[in-house]
Amino acid sequence: VTYSATPGGGGQFTGQVTVVNRGAAPITNWQMVVALPYDTVSAVQNAEITDQNDVLFLSPAPEDLSVPPGGTVVVSIFASGPTATPAECSFNNVPCR
């Protein structure tokens, strides 16, 4: 699980959480947590989102219900604000790098 951010104009950025399934079984019913204090999230791609006080709880989008063995899912977070690096980032309780 890795996190990266790409700056955009006007204080905007795109954060990406990339999950690679290196196991032999699919990963289903996953949950991702990304804390972006003081930021405003405008959209998320490839996940369903619940935003609670700048902490994003992300779950699979209908087209990405599982991550197959050897497969990858990339969740993009479109936001603006000062915190391009999350205060917390995890996937199924595994910290992002």
# chains A, B, ... in the order shown; residues from 1 in each chain; ligands from 1

call {"tool": "residues_around", "arguments": {"residues": "Leu58 in chain A", "least_positions_apart": "2", "cutoff": "7 Å", "atoms": "only C-alpha atoms", "output": "list in words"}}
result
Gln31, Met32, Val33, Ala47, Glu48, Ile49, Thr50, Leu56 and Pro60 of chain A

call {"tool": "select_by_dssp", "arguments": {"residues": "chain A", "states": "strand (DSSP E or B)", "output": "ChimeraX atom specification"}}
result
/A:2-7,12-20,27-28,32-35,40-45,47-52,55-60,66-67,72-80,88-91,94-95

call {"tool": "atom_distance", "arguments": {"atom1": "CA of Thr28 in chain A", "atom2": "CA of Val55 in chain A"}}
result
21.6 Å

call {"tool": "residues_around", "arguments": {"residues": "Val74 in chain A", "least_positions_apart": "5", "cutoff": "12 Å", "atoms": "only C-alpha atoms", "output": "number ranges by chain"}}
result
A: 1-4, 14-21, 32, 44-47, 58, 60-61, 64, 67, 91

call {"tool": "closest_residue", "arguments": {"among": "A:Ala84, A:Val94, A:Leu65, A:Ala79", "to": "Asn29 in chain A", "atoms": "only C-alpha atoms"}}
result
A:Leu65

call {"tool": "select_by_dssp", "arguments": {"residues": "chain A", "states": "helix (DSSP H, G or I)", "output": "ChimeraX atom specification"}}
result
/A:9-11,62-64

call {"tool": "write_last_selection", "arguments": {"atoms": "N, CA and C atoms", "output": "PDB file, in the first residue's frame"}}
result
ATOM      1  N   GLY A   9      -2.622  23.250  -9.547  1.00  0.00           N
ATOM      2  CA  GLY A   9      -2.667  24.695  -9.382  1.00  0.00           C
ATOM      3  C   GLY A   9      -3.681  25.117  -8.332  1.00  0.00           C
ATOM      4  N   GLY A  10      -3.472  26.294  -7.777  1.00  0.00           N
ATOM      5  CA  GLY A  10      -4.432  26.869  -6.847  1.00  0.00           C
ATOM      6  C   GLY A  10      -4.590  26.126  -5.543  1.00  0.00           C
ATOM      7  N   GLY A  11      -3.538  25.481  -5.065  1.00  0.00           N
ATOM      8  CA  GLY A  11      -3.617  24.764  -3.800  1.00  0.00           C
ATOM      9  C   GLY A  11      -4.288  23.407  -3.893  1.00  0.00           C
ATOM     10  N   PRO A  62     -18.469  -0.152  -6.729  1.00  0.00           N
ATOM     11  CA  PRO A  62     -19.086  -1.352  -7.321  1.00  0.00           C
ATOM     12  C   PRO A  62     -18.216  -2.065  -8.358  1.00  0.00           C
ATOM     13  N   GLU A  63     -17.398  -1.314  -9.099  1.00  0.00           N
ATOM     14  CA  GLU A  63     -16.555  -1.962 -10.120  1.00  0.00           C
ATOM     15  C   GLU A  63     -15.251  -2.519  -9.538  1.00  0.00           C
ATOM     16  N   ASP A  64     -14.950  -2.227  -8.277  1.00  0.00           N
ATOM     17  CA  ASP A  64     -13.714  -2.712  -7.643  1.00  0.00           C
ATOM     18  C   ASP A  64     -14.025  -3.415  -6.328  1.00  0.00           C
TER      19      ASP A  64
END

call {"tool": "closest_residue", "arguments": {"among": "A:Ala5, A:Gln52, A:Thr40, A:Arg22", "to": "Val75 in chain A", "atoms": "only C-alpha atoms"}}
result
A:Ala5

call {"tool": "residues_around", "arguments": {"residues": "Tyr38 in chain A", "least_positions_apart": "2", "cutoff": "12 Å", "atoms": "only C-alpha atoms", "output": "list in words"}}
result
Ala35, Leu36, Thr40, Val41, Asn53, Asp54, Val55, Ala79, Ser80, Gly81, Pro82, Thr83, Ala84, Thr85, Pro86 and Ala87 of chain A

call {"tool": "atom_distance", "arguments": {"atom1": "CA of Pro37 in chain A", "atom2": "CA of Pro7 in chain A"}}
result
16.6 Å

call {"tool": "atom_distance", "arguments": {"atom1": "CA of Ala43 in chain A", "atom2": "CA of Ser76 in chain A"}}
result
8.3 Å

call {"tool": "decode", "arguments": {"residues": "range 19-46 of chain A", "atoms": "C-alpha atoms", "output": "compact mmCIF listing (two decimals), in the first residue's frame"}}
result
# COMPACT_ATOMS: atom_id res chain seq x y z
CA VAL A 19 -2.95 -1.27 -3.32
CA VAL A 20 -1.21 -4.29 -4.83
CA ASN A 21 -2.48 -7.72 -3.78
CA ARG A 22 0.63 -9.88 -3.42
CA GLY A 23 -1.35 -12.70 -1.80
CA ALA A 24 -2.95 -15.81 -3.28
CA ALA A 25 -6.55 -14.87 -2.45
CA PRO A 26 -8.67 -11.89 -3.49
CA ILE A 27 -9.03 -9.03 -1.01
CA THR A 28 -12.74 -8.34 -0.47
CA ASN A 29 -14.70 -6.01 1.79
CA TRP A 30 -11.67 -3.77 2.20
CA GLN A 31 -11.57 -0.48 4.05
CA MET A 32 -9.14 2.37 3.57
CA VAL A 33 -8.68 5.26 6.01
CA VAL A 34 -7.05 8.53 4.91
CA ALA A 35 -6.88 11.55 7.24
CA LEU A 36 -6.38 14.90 5.50
CA PRO A 37 -6.83 17.54 8.19
CA TYR A 38 -7.67 21.05 6.98
CA ASP A 39 -8.26 19.87 3.40
CA THR A 40 -11.41 19.93 1.31
CA VAL A 41 -12.07 16.79 -0.72
CA SER A 42 -13.98 17.48 -3.92
CA ALA A 43 -14.10 13.94 -5.39
CA VAL A 44 -12.84 10.39 -5.00
CA GLN A 45 -12.33 7.92 -7.84
CA ASN A 46 -12.55 4.10 -7.53
